[in-house]
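Q: First the structure, which I've put down as structure tokens, then a few questions once you've had a look.
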Amino acid sequence: MAAVRADERRSDRIREAVLSGHPFGPGRLRERWHLGGRSGSLRAAIFGLSDGLVSNLALILGVAGSGAESNTIVIAGIAGLLAGALSMGAGEYLSMRVQREVFEHALEVESMEIDLLPDDELRELTDIFAAKGVPRPLASEAAASLMETPERALDIHAREELGLDPDELGAPWGAAFSSFATFSAGAIVPLMPYLLVRGDVAFALALTAGGLSLAVVGGFMAHLTSRSIARGAVRMLAIGLTAAGVTFVIGKLFGVALA
């Protein structure tokens, strides 16, 4: 019943905020996005998609700017897709694996301290509760109750002392797969026109598809953080087209120099 009442109070506060015009109104109180991103998979997915779009669009336009044939552009685009996706996936896996191992080691040390130094850990837990405003006698009683069960004590110490959620230490394979798949999805967008048509038509379609996709990704990223969708879309579009424009000019210069 206590949990139900707490949910009702939270719903009432949200309703009051919405009716009063609070900036975090309908559709913007999204705790699930926060929880979903904690494992690193959401972050890796968004980064992979935007990186795939920008890097392969820049690569394809740079090669096209040099005056290369369509077949050469396709080969370069496929190579860029595979190299980038594999690199992103491997990098995310390694970084998340190391992060998880560091967190697991910290939990192992904390578990050993609870087992070998229970009095010290009891004082630490009491101090934590007291620092949060719990009266000292009650804080001591609550800490002693938790210390009777090592698993519960470890969970509280991890969250309050180490700042870790034992249930969310990161998923290396999930982050790796998200990076690989989303980088590939982003990188295929500017490449697809060259797989279907050739010449200037393919160039125009690649630039258009890449630009639209950049704007959509930028707007979506802004939506997740409750920022201006239009501003996010324009910012992402400007960054991506600037990178593509620079590589196109460089490709043009090299193409002229090598001609």
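Following the order of the structure tokens, chains are lettered A, B, ..., residues in each are numbered from 1, and ligands are numbered from 1.
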List the spatial neighbours of A:Ile46 as a VMD selection string - criterion: any atom at most 9 Å away, only C-alpha atoms, same-chain residues fewer than 4 positions off excluded.

A: chain A and resid 41 to 42 50 to 51 178 to 179 182 to 183 217 221

Q: For stretch 160-256 of chain A versus stretch 80-96 of chain A, which residues have an atom no more than 8 Å away, and what is each residue's nearest atom pair and distance in Å rounded to one decimal, using only C-alpha atoms, chain-then-number order, as JSON lines?

A:
{"residue": "A:Gly170", "atom": "CA", "partner": "A:Met96", "partner_atom": "CA", "distance": 6.4}
{"residue": "A:Ala171", "atom": "CA", "partner": "A:Met96", "partner_atom": "CA", "distance": 6.8}
{"residue": "A:Pro172", "atom": "CA", "partner": "A:Tyr93", "partner_atom": "CA", "distance": 4.7}
{"residue": "A:Trp173", "atom": "CA", "partner": "A:Tyr93", "partner_atom": "CA", "distance": 6.1}
{"residue": "A:Ala175", "atom": "CA", "partner": "A:Glu92", "partner_atom": "CA", "distance": 6.0}
{"residue": "A:Ala176", "atom": "CA", "partner": "A:Gly89", "partner_atom": "CA", "distance": 4.2}
{"residue": "A:Phe177", "atom": "CA", "partner": "A:Gly89", "partner_atom": "CA", "distance": 6.2}
{"residue": "A:Ser178", "atom": "CA", "partner": "A:Gly89", "partner_atom": "CA", "distance": 7.6}
{"residue": "A:Ser179", "atom": "CA", "partner": "A:Gly89", "partner_atom": "CA", "distance": 5.2}
{"residue": "A:Phe180", "atom": "CA", "partner": "A:Ala85", "partner_atom": "CA", "distance": 4.6}
{"residue": "A:Ala181", "atom": "CA", "partner": "A:Ala85", "partner_atom": "CA", "distance": 7.3}
{"residue": "A:Phe183", "atom": "CA", "partner": "A:Ala85", "partner_atom": "CA", "distance": 5.4}
{"residue": "A:Ser184", "atom": "CA", "partner": "A:Ala85", "partner_atom": "CA", "distance": 5.8}
{"residue": "A:Ala187", "atom": "CA", "partner": "A:Leu81", "partner_atom": "CA", "distance": 5.6}
{"residue": "A:Ile188", "atom": "CA", "partner": "A:Leu81", "partner_atom": "CA", "distance": 7.1}

Q: Give me, as a list of chain:residue names, all polymer residues having an atom no more than 12 Å from A:Ser140, counting only C-alpha atoms and skipping those fewer than 5 positions away in the same chain.

A: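 What passes the distance filter is A:Asp119, A:Glu121, A:Leu122, A:Arg123, A:Glu124, A:Leu125, A:Thr126, A:Asp127, A:Ile128, A:Phe129, A:Ala130, A:Ala131, A:Val134, A:Pro135, A:Ser145, A:Leu146, A:Met147.
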
Q: Report the residues of stretch 141-216 of chain A whose backbone DSSP state falls under alpha helix (DSSP H), written as a PyMOL selection string.

A: chain A and resi 141-147+150-157+172-196+199-216

Q: What is the atom CA of A:Glu148-atom CA of A:Leu116 distance in Å, reported with one decimal?

A: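 About the pair atom CA of A:Glu148 and atom CA of A:Leu116: they are 13.8 Å apart.
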
Q: Compile the contact shell of A:Asp165 as a list in words: residues with an atom at most 12 Å away, counting only C-alpha atoms, same-chain residues fewer than 2 positions apart removed.

A: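 Counting only C-alpha atoms, the residues come to Leu35, Arg38, Ser39, Arg100, Phe103, Glu104, Ala106, Leu107, Leu154, Asp155, Ile156, His157, Ala158, Arg159, Glu160, Glu161, Leu162, Gly163, Asp167, Glu168, Leu169 and Gly170 of chain A.
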
Q: Which residues are near stretch 65-72 of chain A? Cut-off 12 Å, only C-alpha atoms, ignore same chain within fewer than 4 positions. Put them as a ChimeraX atom specification.

A: /A:57-61,76-79,191-203,244-259
